[in-house]
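Asker: Hey, dropping data-v7.cif in here, mmCIF, C-alpha atoms:
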data_entry
loop_
_atom_site.group_PDB
_atom_site.id
_atom_site.type_symbol
_atom_site.label_atom_id
_atom_site.label_comp_id
_atom_site.auth_asym_id
_atom_site.auth_seq_id
_atom_site.Cartn_x
_atom_site.Cartn_y
_atom_site.Cartn_z
ATOM 1 C CA MET M 22 88.016 -149.392 -79.824
ATOM 2 C CA ARG M 23 90.454 -146.993 -81.479
ATOM 3 C CA ILE M 24 89.550 -143.609 -83.000
ATOM 4 C CA SER M 25 92.012 -142.108 -85.584
ATOM 5 C CA GLY M 26 94.581 -144.589 -84.385
ATOM 6 C CA ARG M 27 94.469 -143.393 -80.773
ATOM 7 C CA PRO M 28 92.993 -145.106 -77.792
ATOM 8 C CA ALA M 29 89.648 -143.733 -76.641
ATOM 9 C CA ALA M 30 90.974 -143.511 -73.095
ATOM 10 C CA VAL M 31 93.661 -141.066 -74.227
ATOM 11 C CA LEU M 32 91.115 -138.816 -75.918
ATOM 12 C CA ALA M 33 88.891 -138.877 -72.860
ATOM 13 C CA SER M 34 91.814 -137.800 -70.691
ATOM 14 C CA VAL M 35 92.636 -134.935 -73.003
ATOM 15 C CA ALA M 36 89.019 -133.745 -72.993
ATOM 16 C CA ALA M 37 88.878 -133.859 -69.202
ATOM 17 C CA LEU M 38 92.124 -131.902 -68.928
ATOM 18 C CA ALA M 39 90.806 -129.275 -71.374
ATOM 19 C CA ALA M 40 87.644 -128.858 -69.356
ATOM 20 C CA LEU M 41 89.647 -128.324 -66.194
ATOM 21 C CA CYS M 42 91.747 -125.673 -67.946
ATOM 22 C CA GLY M 43 88.639 -123.761 -68.940
ATOM 23 C CA CYS M 44 88.997 -124.358 -72.669
ATOM 24 C CA THR M 45 86.358 -125.509 -75.097
ATOM 25 C CA ALA M 46 86.890 -128.732 -77.027
ATOM 26 C CA GLN M 47 87.072 -128.012 -80.772
ATOM 27 C CA PRO M 48 85.414 -130.450 -83.177
ATOM 28 C CA LEU M 49 87.354 -131.792 -86.192
ATOM 29 C CA ASP M 50 86.375 -131.300 -89.797
ATOM 30 C CA ALA M 51 86.368 -134.030 -92.498
ATOM 31 C CA ASN M 52 90.147 -133.684 -93.025
ATOM 32 C CA GLY M 53 90.898 -134.058 -89.347
ATOM 33 C CA LYS M 54 91.582 -130.386 -88.751
ATOM 34 C CA ALA M 55 90.094 -128.442 -85.863
ATOM 35 C CA ARG M 56 87.022 -126.394 -86.678
ATOM 36 C CA ALA M 57 86.629 -122.789 -85.492
ATOM 37 C CA PRO M 58 84.920 -122.610 -82.115
ATOM 38 C CA LEU M 59 81.242 -121.862 -82.178
ATOM 39 C CA ASN M 60 81.390 -119.419 -79.283
ATOM 40 C CA VAL M 61 84.397 -117.142 -79.567
ATOM 41 C CA ARG M 62 84.616 -114.114 -77.338
ATOM 42 C CA THR M 63 85.805 -110.959 -79.011
ATOM 43 C CA PRO M 64 88.420 -109.040 -77.047
ATOM 44 C CA ALA M 65 87.348 -105.592 -75.901
ATOM 45 C CA GLY M 66 87.867 -102.960 -78.549
ATOM 46 C CA LEU M 67 87.927 -105.390 -81.516
ATOM 47 C CA GLY M 68 84.197 -105.396 -82.255
ATOM 48 C CA ALA M 69 80.938 -106.492 -80.670
ATOM 49 C CA ASP M 70 80.040 -110.112 -80.107
ATOM 50 C CA PRO M 71 76.716 -110.631 -81.945
ATOM 51 C CA THR M 72 75.816 -113.517 -79.631
ATOM 52 C CA ARG M 73 75.999 -111.378 -76.465
ATOM 53 C CA PRO M 74 73.266 -108.958 -75.347
ATOM 54 C CA ALA M 75 74.224 -105.271 -75.586
ATOM 55 C CA GLN M 76 75.397 -103.830 -72.312
ATOM 56 C CA PRO M 77 73.563 -100.608 -71.270
ATOM 57 C CA THR M 78 75.620 -97.441 -71.339
ATOM 58 C CA PRO M 79 75.842 -95.864 -67.885
ATOM 59 C CA ALA M 80 73.487 -92.826 -67.694
ATOM 60 C CA GLN M 81 75.308 -89.533 -67.646
ATOM 61 C CA PRO M 82 74.177 -87.046 -64.959
ATOM 62 C CA THR M 83 71.998 -84.236 -66.400
ATOM 63 C CA PRO M 84 73.643 -80.880 -65.766
ATOM 64 C CA ALA M 85 71.548 -78.650 -63.503
ATOM 65 C CA LEU M 86 69.917 -75.723 -65.309
ATOM 66 C CA PRO M 87 70.919 -72.340 -63.995
ATOM 67 C CA LEU M 88 68.197 -70.675 -61.914
ATOM 68 C CA ALA M 89 66.502 -67.723 -63.607
ATOM 69 C CA ARG M 90 67.308 -64.404 -61.966
ATOM 70 C CA VAL M 91 64.483 -63.198 -59.713
ATOM 71 C CA LEU M 92 63.340 -59.646 -60.418
ATOM 72 C CA TRP M 93 60.666 -59.238 -57.718
ATOM 73 C CA SER M 94 59.236 -61.350 -54.930
ATOM 74 C CA ARG M 95 57.009 -61.011 -51.883
ATOM 75 C CA GLY M 96 57.933 -57.978 -49.801
ATOM 76 C CA ASP M 97 59.322 -55.934 -52.728
ATOM 77 C CA SER M 98 57.803 -52.639 -53.833
ATOM 78 C CA GLY M 99 58.270 -49.976 -56.466
ATOM 79 C CA SER M 100 57.386 -49.007 -60.015
ATOM 80 C CA GLY M 101 58.449 -52.397 -61.436
ATOM 81 C CA VAL M 102 56.044 -54.224 -59.125
ATOM 82 C CA ARG M 103 53.290 -51.775 -60.101
ATOM 83 C CA GLU M 104 53.827 -52.546 -63.802
ATOM 84 C CA LEU M 105 53.867 -56.288 -63.048
ATOM 85 C CA GLN M 106 50.507 -55.958 -61.297
ATOM 86 C CA ALA M 107 49.030 -53.911 -64.152
ATOM 87 C CA ARG M 108 50.087 -56.550 -66.702
ATOM 88 C CA LEU M 109 48.672 -59.361 -64.538
ATOM 89 C CA ARG M 110 45.384 -57.418 -64.428
ATOM 90 C CA GLN M 111 45.297 -57.336 -68.231
ATOM 91 C CA LEU M 112 45.185 -61.157 -68.225
ATOM 92 C CA ASP M 113 42.695 -61.315 -65.320
ATOM 93 C CA TRP M 114 45.171 -62.909 -62.942
ATOM 94 C CA LEU M 115 44.829 -60.003 -60.502
ATOM 95 C CA SER M 116 41.628 -58.194 -59.610
ATOM 96 C CA GLU M 117 42.928 -55.536 -57.228
ATOM 97 C CA GLY M 118 44.335 -52.263 -58.539
ATOM 98 C CA PRO M 119 48.132 -51.940 -58.791
ATOM 99 C CA SER M 120 49.536 -50.927 -55.414
ATOM 100 C CA GLY M 121 53.252 -51.178 -56.086
ATOM 101 C CA SER M 122 53.655 -53.646 -53.181
ATOM 102 C CA TYR M 123 54.314 -57.373 -53.809
ATOM 103 C CA GLY M 124 51.917 -59.019 -51.362
ATOM 104 C CA PRO M 125 50.215 -62.425 -51.087
ATOM 105 C CA LEU M 126 47.641 -61.642 -53.805
ATOM 106 C CA THR M 127 50.372 -60.739 -56.301
ATOM 107 C CA GLU M 128 52.348 -63.843 -55.333
ATOM 108 C CA ARG M 129 49.274 -66.017 -55.911
ATOM 109 C CA ALA M 130 48.612 -64.352 -59.280
ATOM 110 C CA VAL M 131 52.198 -64.952 -60.414
ATOM 111 C CA ARG M 132 52.035 -68.584 -59.298
ATOM 112 C CA GLY M 133 48.825 -69.076 -61.289
ATOM 113 C CA PHE M 134 50.326 -67.469 -64.395
ATOM 114 C CA GLN M 135 53.438 -69.650 -64.096
ATOM 115 C CA GLY M 136 51.418 -72.849 -63.726
ATOM 116 C CA LYS M 137 49.287 -72.035 -66.781
ATOM 117 C CA ARG M 138 52.440 -71.569 -68.886
ATOM 118 C CA GLY M 139 54.308 -74.622 -67.619
ATOM 119 C CA LEU M 140 56.826 -72.593 -65.628
ATOM 120 C CA PRO M 141 58.034 -73.454 -62.111
ATOM 121 C CA GLN M 142 55.298 -72.259 -59.731
ATOM 122 C CA THR M 143 57.442 -70.274 -57.325
ATOM 123 C CA GLY M 144 55.287 -67.166 -56.980
ATOM 124 C CA ARG M 145 58.449 -65.141 -57.565
ATOM 125 C CA THR M 146 58.782 -63.108 -60.752
ATOM 126 C CA ASP M 147 61.976 -64.294 -62.396
ATOM 127 C CA ILE M 148 63.230 -63.021 -65.728
ATOM 128 C CA VAL M 149 61.696 -65.955 -67.665
ATOM 129 C CA THR M 150 58.250 -65.332 -66.138
ATOM 130 C CA TRP M 151 58.544 -61.598 -66.778
ATOM 131 C CA GLN M 152 59.548 -62.035 -70.443
ATOM 132 C CA ARG M 153 56.608 -64.382 -71.048
ATOM 133 C CA LEU M 154 54.211 -61.914 -69.382
ATOM 134 C CA VAL M 155 55.559 -58.977 -71.408
ATOM 135 C CA ARG M 156 55.052 -60.879 -74.683
ATOM 136 C CA MET M 157 51.404 -61.505 -73.799
ATOM 137 C CA THR M 158 50.483 -57.964 -72.653
ATOM 138 C CA HIS M 159 50.792 -54.323 -73.690
ATOM 139 C CA PRO M 160 52.623 -51.544 -71.851
ATOM 140 C CA PRO M 161 50.159 -50.278 -69.219
ATOM 141 C CA GLY M 162 48.934 -46.700 -69.454
ATOM 142 C CA GLN M 163 49.105 -44.171 -66.653
ATOM 143 C CA TRP M 164 45.683 -44.994 -65.253
ATOM 144 C CA GLU M 165 46.242 -48.724 -65.518
ATOM 145 C CA LEU M 166 49.265 -48.220 -63.279
ATOM 146 C CA TYR M 167 47.332 -46.010 -60.871
ATOM 147 C CA LEU M 168 43.882 -47.544 -61.157
ATOM 148 C CA MET M 169 43.094 -46.946 -57.491
ATOM 149 C CA GLY M 170 45.063 -43.722 -57.146
ATOM 150 C CA GLY M 171 48.413 -43.238 -55.526
ATOM 151 C CA GLN M 172 50.139 -41.310 -58.295
ATOM 152 C CA PRO M 173 52.487 -38.660 -56.893
ATOM 153 C CA ALA M 174 50.934 -35.202 -56.889
ATOM 154 C CA GLY M 175 52.280 -32.625 -59.287
ATOM 155 C CA ALA M 176 53.458 -29.170 -58.351
ATOM 156 C CA PRO M 177 50.637 -27.087 -56.852
ATOM 157 C CA ASP M 178 48.976 -24.436 -58.972
ATOM 158 C CA PRO M 179 50.221 -20.920 -58.066
ATOM 159 C CA ARG M 180 46.649 -20.022 -57.008
ATOM 160 C CA CYS M 181 46.964 -22.648 -54.258
ATOM 161 C CA LEU M 182 49.958 -21.074 -52.521
ATOM 162 C CA THR M 183 48.081 -18.662 -50.290
ATOM 163 C CA GLY M 184 45.279 -19.164 -47.776
ATOM 164 C CA ARG M 185 43.322 -22.322 -47.054
ATOM 165 C CA VAL M 186 42.865 -24.234 -50.305
ATOM 166 C CA LEU M 187 41.584 -27.520 -51.659
ATOM 167 C CA CYS M 188 44.014 -27.734 -54.615
ATOM 168 C CA ILE M 189 42.627 -30.291 -57.083
ATOM 169 C CA ASP M 190 44.852 -31.448 -59.964
ATOM 170 C CA LYS M 191 43.137 -33.182 -62.884
ATOM 171 C CA THR M 192 46.447 -34.182 -64.461
ATOM 172 C CA THR M 193 47.678 -36.309 -61.570
ATOM 173 C CA ARG M 194 44.177 -36.925 -60.155
ATOM 174 C CA THR M 195 45.161 -35.742 -56.728
ATOM 175 C CA LEU M 196 43.781 -33.366 -54.128
ATOM 176 C CA ARG M 197 46.076 -31.346 -51.861
ATOM 177 C CA TRP M 198 44.778 -29.722 -48.722
ATOM 178 C CA MET M 199 47.044 -26.684 -48.345
ATOM 179 C CA VAL M 200 47.311 -24.043 -45.658
ATOM 180 C CA GLY M 201 49.608 -21.050 -46.190
ATOM 181 C CA GLY M 202 51.417 -22.690 -49.097
ATOM 182 C CA ARG M 203 52.137 -25.880 -47.120
ATOM 183 C CA THR M 204 50.650 -29.249 -48.071
ATOM 184 C CA VAL M 205 48.842 -30.775 -45.097
ATOM 185 C CA GLU M 206 47.400 -33.824 -46.820
ATOM 186 C CA THR M 207 47.242 -35.426 -50.280
ATOM 187 C CA THR M 208 44.726 -37.966 -51.521
ATOM 188 C CA ALA M 209 43.618 -39.554 -54.792
ATOM 189 C CA VAL M 210 40.475 -38.222 -56.473
ATOM 190 C CA ARG M 211 38.246 -39.032 -59.433
ATOM 191 C CA PHE M 212 36.290 -36.653 -61.651
ATOM 192 C CA GLY M 213 33.245 -36.453 -63.869
ATOM 193 C CA THR M 214 32.941 -38.194 -67.210
ATOM 194 C CA GLN M 215 33.018 -36.715 -70.702
ATOM 195 C CA TYR M 216 29.290 -35.954 -70.531
ATOM 196 C CA SER M 217 29.311 -34.588 -67.004
ATOM 197 C CA PRO M 218 32.755 -33.027 -66.500
ATOM 198 C CA THR M 219 34.010 -31.457 -63.302
ATOM 199 C CA ARG M 220 34.202 -27.706 -63.751
ATOM 200 C CA GLU M 221 37.603 -26.013 -63.566
ATOM 201 C CA GLY M 222 38.498 -22.685 -62.007
ATOM 202 C CA VAL M 223 38.579 -20.991 -58.609
ATOM 203 C CA PHE M 224 35.623 -21.624 -56.271
ATOM 204 C CA HIS M 225 34.802 -21.535 -52.563
ATOM 205 C CA ILE M 226 33.125 -24.031 -50.245
ATOM 206 C CA GLU M 227 29.472 -23.012 -50.213
ATOM 207 C CA TRP M 228 28.103 -25.514 -47.709
ATOM 208 C CA LYS M 229 28.821 -28.912 -46.154
ATOM 209 C CA ALA M 230 26.755 -32.033 -45.319
ATOM 210 C CA ARG M 231 28.014 -35.000 -43.330
ATOM 211 C CA ASN M 232 25.367 -37.409 -44.691
ATOM 212 C CA TRP M 233 23.953 -36.328 -48.022
ATOM 213 C CA VAL M 234 22.081 -38.190 -50.743
ATOM 214 C CA SER M 235 21.964 -36.757 -54.248
ATOM 215 C CA THR M 236 18.516 -35.363 -55.022
ATOM 216 C CA LEU M 237 19.166 -35.901 -58.730
ATOM 217 C CA TYR M 238 20.834 -39.332 -58.847
ATOM 218 C CA HIS M 239 19.715 -40.657 -55.436
ATOM 219 C CA SER M 240 23.238 -41.867 -54.629
ATOM 220 C CA PRO M 241 24.939 -41.312 -51.251
ATOM 221 C CA MET M 242 27.462 -38.458 -50.972
ATOM 222 C CA PRO M 243 29.031 -38.746 -47.488
ATOM 223 C CA TYR M 244 31.205 -35.848 -46.249
ATOM 224 C CA ALA M 245 29.999 -33.590 -49.066
ATOM 225 C CA MET M 246 31.642 -30.167 -49.434
ATOM 226 C CA PHE M 247 29.833 -28.256 -52.195
ATOM 227 C CA PHE M 248 31.879 -25.733 -54.186
ATOM 228 C CA SER M 249 30.077 -25.155 -57.534
ATOM 229 C CA ARG M 250 26.301 -25.522 -57.532
ATOM 230 C CA GLY M 251 25.672 -29.297 -57.363
ATOM 231 C CA GLN M 252 29.327 -30.282 -57.603
ATOM 232 C CA ALA M 253 31.075 -31.275 -54.390
ATOM 233 C CA VAL M 254 34.104 -33.029 -52.961
ATOM 234 C CA HIS M 255 32.806 -36.191 -51.246
ATOM 235 C CA TYR M 256 33.506 -39.808 -50.408
ATOM 236 C CA SER M 257 32.560 -42.336 -53.122
ATOM 237 C CA TYR M 258 31.784 -46.001 -52.457
ATOM 238 C CA ASP M 259 32.056 -46.691 -56.186
ATOM 239 C CA PHE M 260 35.509 -45.113 -56.422
ATOM 240 C CA ALA M 261 36.629 -47.188 -53.436
ATOM 241 C CA ALA M 262 35.395 -50.344 -55.158
ATOM 242 C CA ARG M 263 36.207 -49.799 -58.852
ATOM 243 C CA GLY M 264 38.782 -47.044 -58.987
ATOM 244 C CA TYR M 265 39.122 -45.173 -62.261
ATOM 245 C CA ALA M 266 37.034 -47.768 -64.072
ATOM 246 C CA GLY M 267 34.101 -45.498 -63.201
ATOM 247 C CA GLY M 268 33.437 -41.769 -62.946
ATOM 248 C CA SER M 269 31.276 -39.219 -61.202
ATOM 249 C CA HIS M 270 28.477 -36.961 -62.436
ATOM 250 C CA GLY M 271 30.785 -33.970 -62.023
ATOM 251 C CA CYS M 272 31.768 -34.227 -58.367
ATOM 252 C CA VAL M 273 35.280 -34.762 -57.060
ATOM 253 C CA ASN M 274 35.247 -38.293 -55.625
ATOM 254 C CA VAL M 275 37.545 -39.384 -52.793
ATOM 255 C CA ARG M 276 38.131 -43.129 -52.224
ATOM 256 C CA ASP M 277 39.961 -42.913 -48.882
ATOM 257 C CA GLU M 278 37.260 -42.609 -46.234
ATOM 258 C CA ALA M 279 39.711 -41.769 -43.432
ATOM 259 C CA ALA M 280 41.211 -38.982 -45.548
ATOM 260 C CA ILE M 281 37.845 -37.403 -46.387
ATOM 261 C CA GLN M 282 36.821 -37.567 -42.721
ATOM 262 C CA GLN M 283 39.865 -35.506 -41.787
ATOM 263 C CA LEU M 284 39.283 -33.070 -44.631
ATOM 264 C CA PHE M 285 35.649 -32.621 -43.704
ATOM 265 C CA ALA M 286 36.663 -31.809 -40.124
ATOM 266 C CA GLN M 287 39.265 -29.212 -41.198
ATOM 267 C CA VAL M 288 37.738 -27.489 -44.228
ATOM 268 C CA ARG M 289 35.472 -24.519 -43.499
ATOM 269 C CA VAL M 290 32.722 -22.874 -45.472
ATOM 270 C CA GLY M 291 34.387 -20.108 -47.487
ATOM 271 C CA ASP M 292 37.707 -21.936 -48.003
ATOM 272 C CA LYS M 293 39.064 -21.750 -51.545
ATOM 273 C CA VAL M 294 38.842 -24.571 -54.077
ATOM 274 C CA VAL M 295 41.093 -24.596 -57.160
ATOM 275 C CA VAL M 296 40.417 -27.172 -59.889
ATOM 276 C CA HIS M 297 43.127 -27.180 -62.551
ATOM 277 C CA TRP M 298 45.025 -29.258 -65.107
#
Just dump the structure as structure tokens.
Answerer:
Amino acid sequence: MRISGRPAAVLASVAALAALCGCTAQPLDANGKARAPLNVRTPAGLGADPTRPAQPTPAQPTPALPLARVLWSRGDSGSGVRELQARLRQLDWLSEGPSGSYGPLTERAVRGFQGKRGLPQTGRTDIVTWQRLVRMTHPPGQWELYLMGGQPAGAPDPRCLTGRVLCIDKTTRTLRWMVGGRTVETTAVRFGTQYSPTREGVFHIEWKARNWVSTLYHSPMPYAMFFSRGQAVHYSYDFAARGYAGGSHGCVNVRDEAAIQQLFAQVRVGDKVVVHW
């Protein structure tokens, strides 16, 4: 049989040769001309082939974010750490009074604050953590910063510069034990409230009692050194526990038991007491 005047064997040979060469046989149209191939590959750069699935674009590496600068971390100390602790206390992340030392409790509080805000939980206070904390808190006042004492003592009152004196400063809430104008020891103290203030002026130690219980309020007053009727310098369990969140009934409270033990051993009846602003 002949097709278009050519032997079928010749056409079969041509088709086989085309297949070997990797080409695709093109069908003829009604006029005997070759039709366009049904599957034409588009050269790169000349447009996408709609019959081919889209090739995924290789993922570009994400640039590493710069690490936030660390302001304070465990082992640091100073006024900045004290303010950090005071601000953490405002949000109830820290229960202890500011100490100015970045210890394990502060590290744990910072880590908790960071986790709550979706920040990396490093326990270190970087600048991002600090800025977030500052936006959520107010600048701490003097007694928020020194809730448990520790504020540097001010200059001694001139009346404290001679003799043996318990020099008590209401402004800095400190007590200096001075002998001959020299400071022997300094400790934090707390005073009476608005309705039972600690009296100011120059007094003298009237009597002492190692274990005393208030006859009026029935509260313990260890190492009591009375200087003005019922008012005394003594150790306070409440001051040791709550700091300046509380107050006395007029006495001068000491929170450091070791310090008051030493004072009680050194101070004599008749020694001067100066309470001043």
Asker: Would you mind listing what lies within 9 Å of region 293-296 of chain M as a list in words, with only C-alpha atoms counted and same-chain residues fewer than 4 positions away left out?
Answerer: Asp178, Arg180, Cys181, Gly184, Arg185, Val186, Leu187, Cys188, Ile189, Asp190, Lys191, Thr219, Arg220, Glu221, Gly222, Val223, Phe224, His225, Ile226 and Phe248 of chain M
Asker: Could you save those same residues with C-alpha atoms as a PDB file, keeping the file's coordinate frame?
Answerer:
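Everything below was put into selection_21.pdb:
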ATOM      1  CA  ASP M 178      48.976 -24.436 -58.972  1.00  0.00           C
ATOM      2  CA  ARG M 180      46.649 -20.022 -57.008  1.00  0.00           C
ATOM      3  CA  CYS M 181      46.964 -22.648 -54.258  1.00  0.00           C
ATOM      4  CA  GLY M 184      45.279 -19.164 -47.776  1.00  0.00           C
ATOM      5  CA  ARG M 185      43.322 -22.322 -47.054  1.00  0.00           C
ATOM      6  CA  VAL M 186      42.865 -24.234 -50.305  1.00  0.00           C
ATOM      7  CA  LEU M 187      41.584 -27.520 -51.659  1.00  0.00           C
ATOM      8  CA  CYS M 188      44.014 -27.734 -54.615  1.00  0.00           C
ATOM      9  CA  ILE M 189      42.627 -30.291 -57.083  1.00  0.00           C
ATOM     10  CA  ASP M 190      44.852 -31.448 -59.964  1.00  0.00           C
ATOM     11  CA  LYS M 191      43.137 -33.182 -62.884  1.00  0.00           C
ATOM     12  CA  THR M 219      34.010 -31.457 -63.302  1.00  0.00           C
ATOM     13  CA  ARG M 220      34.202 -27.706 -63.751  1.00  0.00           C
ATOM     14  CA  GLU M 221      37.603 -26.013 -63.566  1.00  0.00           C
ATOM     15  CA  GLY M 222      38.498 -22.685 -62.007  1.00  0.00           C
ATOM     16  CA  VAL M 223      38.579 -20.991 -58.609  1.00  0.00           C
ATOM     17  CA  PHE M 224      35.623 -21.624 -56.271  1.00  0.00           C
ATOM     18  CA  HIS M 225      34.802 -21.535 -52.563  1.00  0.00           C
ATOM     19  CA  ILE M 226      33.125 -24.031 -50.245  1.00  0.00           C
ATOM     20  CA  PHE M 248      31.879 -25.733 -54.186  1.00  0.00           C
TER      21      PHE M 248
END
Asker: For the structure provided, state which residues fall under the PyMOL selection byres ((chain M and resi 125) around 12), and present them as a compact mmCIF listing (two decimals) with C-alpha atoms, in the frame of the given file.
Answerer:
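Contents of out.txt, freshly written:
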# COMPACT_ATOMS: atom_id res chain seq x y z
CA SER M 94 59.24 -61.35 -54.93
CA ARG M 95 57.01 -61.01 -51.88
CA GLY M 96 57.93 -57.98 -49.80
CA ASP M 97 59.32 -55.93 -52.73
CA LEU M 115 44.83 -60.00 -60.50
CA GLU M 117 42.93 -55.54 -57.23
CA SER M 122 53.66 -53.65 -53.18
CA TYR M 123 54.31 -57.37 -53.81
CA GLY M 124 51.92 -59.02 -51.36
CA LEU M 126 47.64 -61.64 -53.80
CA THR M 127 50.37 -60.74 -56.30
CA GLU M 128 52.35 -63.84 -55.33
CA ARG M 129 49.27 -66.02 -55.91
CA ALA M 130 48.61 -64.35 -59.28
CA VAL M 131 52.20 -64.95 -60.41
CA ARG M 132 52.04 -68.58 -59.30
CA GLY M 144 55.29 -67.17 -56.98
CA ARG M 145 58.45 -65.14 -57.56
Asker: Taking (54.3, -68.8, -62.4) in the file's coordinates, which residues come within 12 Å, counting all atoms listed in the file, written as a PDB file with C-alpha atoms, in the coordinates of the input?
Answerer:
ATOM      1  CA  VAL M  91      64.483 -63.198 -59.713  1.00  0.00           C
ATOM      2  CA  SER M  94      59.236 -61.350 -54.930  1.00  0.00           C
ATOM      3  CA  LEU M 109      48.672 -59.361 -64.538  1.00  0.00           C
ATOM      4  CA  TRP M 114      45.171 -62.909 -62.942  1.00  0.00           C
ATOM      5  CA  THR M 127      50.372 -60.739 -56.301  1.00  0.00           C
ATOM      6  CA  GLU M 128      52.348 -63.843 -55.333  1.00  0.00           C
ATOM      7  CA  ARG M 129      49.274 -66.017 -55.911  1.00  0.00           C
ATOM      8  CA  ALA M 130      48.612 -64.352 -59.280  1.00  0.00           C
ATOM      9  CA  VAL M 131      52.198 -64.952 -60.414  1.00  0.00           C
ATOM     10  CA  ARG M 132      52.035 -68.584 -59.298  1.00  0.00           C
ATOM     11  CA  GLY M 133      48.825 -69.076 -61.289  1.00  0.00           C
ATOM     12  CA  PHE M 134      50.326 -67.469 -64.395  1.00  0.00           C
ATOM     13  CA  GLN M 135      53.438 -69.650 -64.096  1.00  0.00           C
ATOM     14  CA  GLY M 136      51.418 -72.849 -63.726  1.00  0.00           C
ATOM     15  CA  LYS M 137      49.287 -72.035 -66.781  1.00  0.00           C
ATOM     16  CA  ARG M 138      52.440 -71.569 -68.886  1.00  0.00           C
ATOM     17  CA  GLY M 139      54.308 -74.622 -67.619  1.00  0.00           C
ATOM     18  CA  LEU M 140      56.826 -72.593 -65.628  1.00  0.00           C
ATOM     19  CA  PRO M 141      58.034 -73.454 -62.111  1.00  0.00           C
ATOM     20  CA  GLN M 142      55.298 -72.259 -59.731  1.00  0.00           C
ATOM     21  CA  THR M 143      57.442 -70.274 -57.325  1.00  0.00           C
ATOM     22  CA  GLY M 144      55.287 -67.166 -56.980  1.00  0.00           C
ATOM     23  CA  ARG M 145      58.449 -65.141 -57.565  1.00  0.00           C
ATOM     24  CA  THR M 146      58.782 -63.108 -60.752  1.00  0.00           C
ATOM     25  CA  ASP M 147      61.976 -64.294 -62.396  1.00  0.00           C
ATOM     26  CA  ILE M 148      63.230 -63.021 -65.728  1.00  0.00           C
ATOM     27  CA  VAL M 149      61.696 -65.955 -67.665  1.00  0.00           C
ATOM     28  CA  THR M 150      58.250 -65.332 -66.138  1.00  0.00           C
ATOM     29  CA  TRP M 151      58.544 -61.598 -66.778  1.00  0.00           C
ATOM     30  CA  GLN M 152      59.548 -62.035 -70.443  1.00  0.00           C
ATOM     31  CA  ARG M 153      56.608 -64.382 -71.048  1.00  0.00           C
ATOM     32  CA  LEU M 154      54.211 -61.914 -69.382  1.00  0.00           C
TER      33      LEU M 154
END
Asker: Which residues fall under the PyMOL selection byres ((chain M and resi 99) around 10) in this file, as a PyMOL selection string?
Answerer: chain M and resi 93+97-98+100-104+120-123
Asker: Could you state the separation of CA of Tyr238 (chain M) and CA of Ser116 (chain M) in Å, given to one decimal place?
Answerer: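 Spanning CA of Tyr238 (chain M) to CA of Ser116 (chain M) is a straight-line distance of 28.1 Å.
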Asker: Here's the selection I'm unsure about, the PyMOL selection byres ((chain M and resi 270) around 8); applied to the file above, which residues does it give, as a PyMOL selection string?
Answerer: chain M and resi 212-214+217-219+268-269+271-272
Asker: Would you pick out the contacts of Val210 (chain M) at 12 Å or less, using all atoms listed in the file, so that residues sharing its chain but fewer than 4 positions from it are not included, and give the list as a PyMOL selection string?
Answerer: chain M and resi 167-172+174+187-197+219+253-257+259-261+264-265+267-269+271-278+280-281+296
Asker: Would you fill out region 247-257 of chain M with N, CA and C atoms and return it as a PDB file, in the frame of the given file?
Answerer:
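The result, stored in part.pdb:
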ATOM      1  N   PHE M 247      30.262 -28.810 -50.915  1.00  0.00           N
ATOM      2  CA  PHE M 247      29.833 -28.256 -52.195  1.00  0.00           C
ATOM      3  C   PHE M 247      30.608 -26.977 -52.518  1.00  0.00           C
ATOM      4  N   PHE M 248      31.076 -26.894 -53.781  1.00  0.00           N
ATOM      5  CA  PHE M 248      31.879 -25.733 -54.186  1.00  0.00           C
ATOM      6  C   PHE M 248      31.384 -25.072 -55.469  1.00  0.00           C
ATOM      7  N   SER M 249      30.553 -25.752 -56.288  1.00  0.00           N
ATOM      8  CA  SER M 249      30.077 -25.155 -57.534  1.00  0.00           C
ATOM      9  C   SER M 249      28.715 -25.729 -57.869  1.00  0.00           C
ATOM     10  N   ARG M 250      27.667 -25.047 -57.377  1.00  0.00           N
ATOM     11  CA  ARG M 250      26.301 -25.522 -57.532  1.00  0.00           C
ATOM     12  C   ARG M 250      26.194 -26.957 -57.015  1.00  0.00           C
ATOM     13  N   GLY M 251      25.860 -27.940 -57.875  1.00  0.00           N
ATOM     14  CA  GLY M 251      25.672 -29.297 -57.363  1.00  0.00           C
ATOM     15  C   GLY M 251      26.948 -30.113 -57.260  1.00  0.00           C
ATOM     16  N   GLN M 252      28.072 -29.532 -57.649  1.00  0.00           N
ATOM     17  CA  GLN M 252      29.327 -30.282 -57.603  1.00  0.00           C
ATOM     18  C   GLN M 252      29.993 -30.133 -56.236  1.00  0.00           C
ATOM     19  N   ALA M 253      30.496 -31.266 -55.734  1.00  0.00           N
ATOM     20  CA  ALA M 253      31.075 -31.275 -54.390  1.00  0.00           C
ATOM     21  C   ALA M 253      32.259 -32.226 -54.337  1.00  0.00           C
ATOM     22  N   VAL M 254      33.087 -32.037 -53.336  1.00  0.00           N
ATOM     23  CA  VAL M 254      34.104 -33.029 -52.961  1.00  0.00           C
ATOM     24  C   VAL M 254      33.436 -33.949 -51.945  1.00  0.00           C
ATOM     25  N   HIS M 255      33.451 -35.274 -52.195  1.00  0.00           N
ATOM     26  CA  HIS M 255      32.806 -36.191 -51.246  1.00  0.00           C
ATOM     27  C   HIS M 255      33.373 -37.593 -51.386  1.00  0.00           C
ATOM     28  N   TYR M 256      33.085 -38.406 -50.380  1.00  0.00           N
ATOM     29  CA  TYR M 256      33.506 -39.808 -50.408  1.00  0.00           C
ATOM     30  C   TYR M 256      32.650 -40.576 -51.413  1.00  0.00           C
ATOM     31  N   SER M 257      33.276 -41.553 -52.117  1.00  0.00           N
ATOM     32  CA  SER M 257      32.560 -42.336 -53.122  1.00  0.00           C
ATOM     33  C   SER M 257      32.781 -43.830 -52.875  1.00  0.00           C
TER      34      SER M 257
END
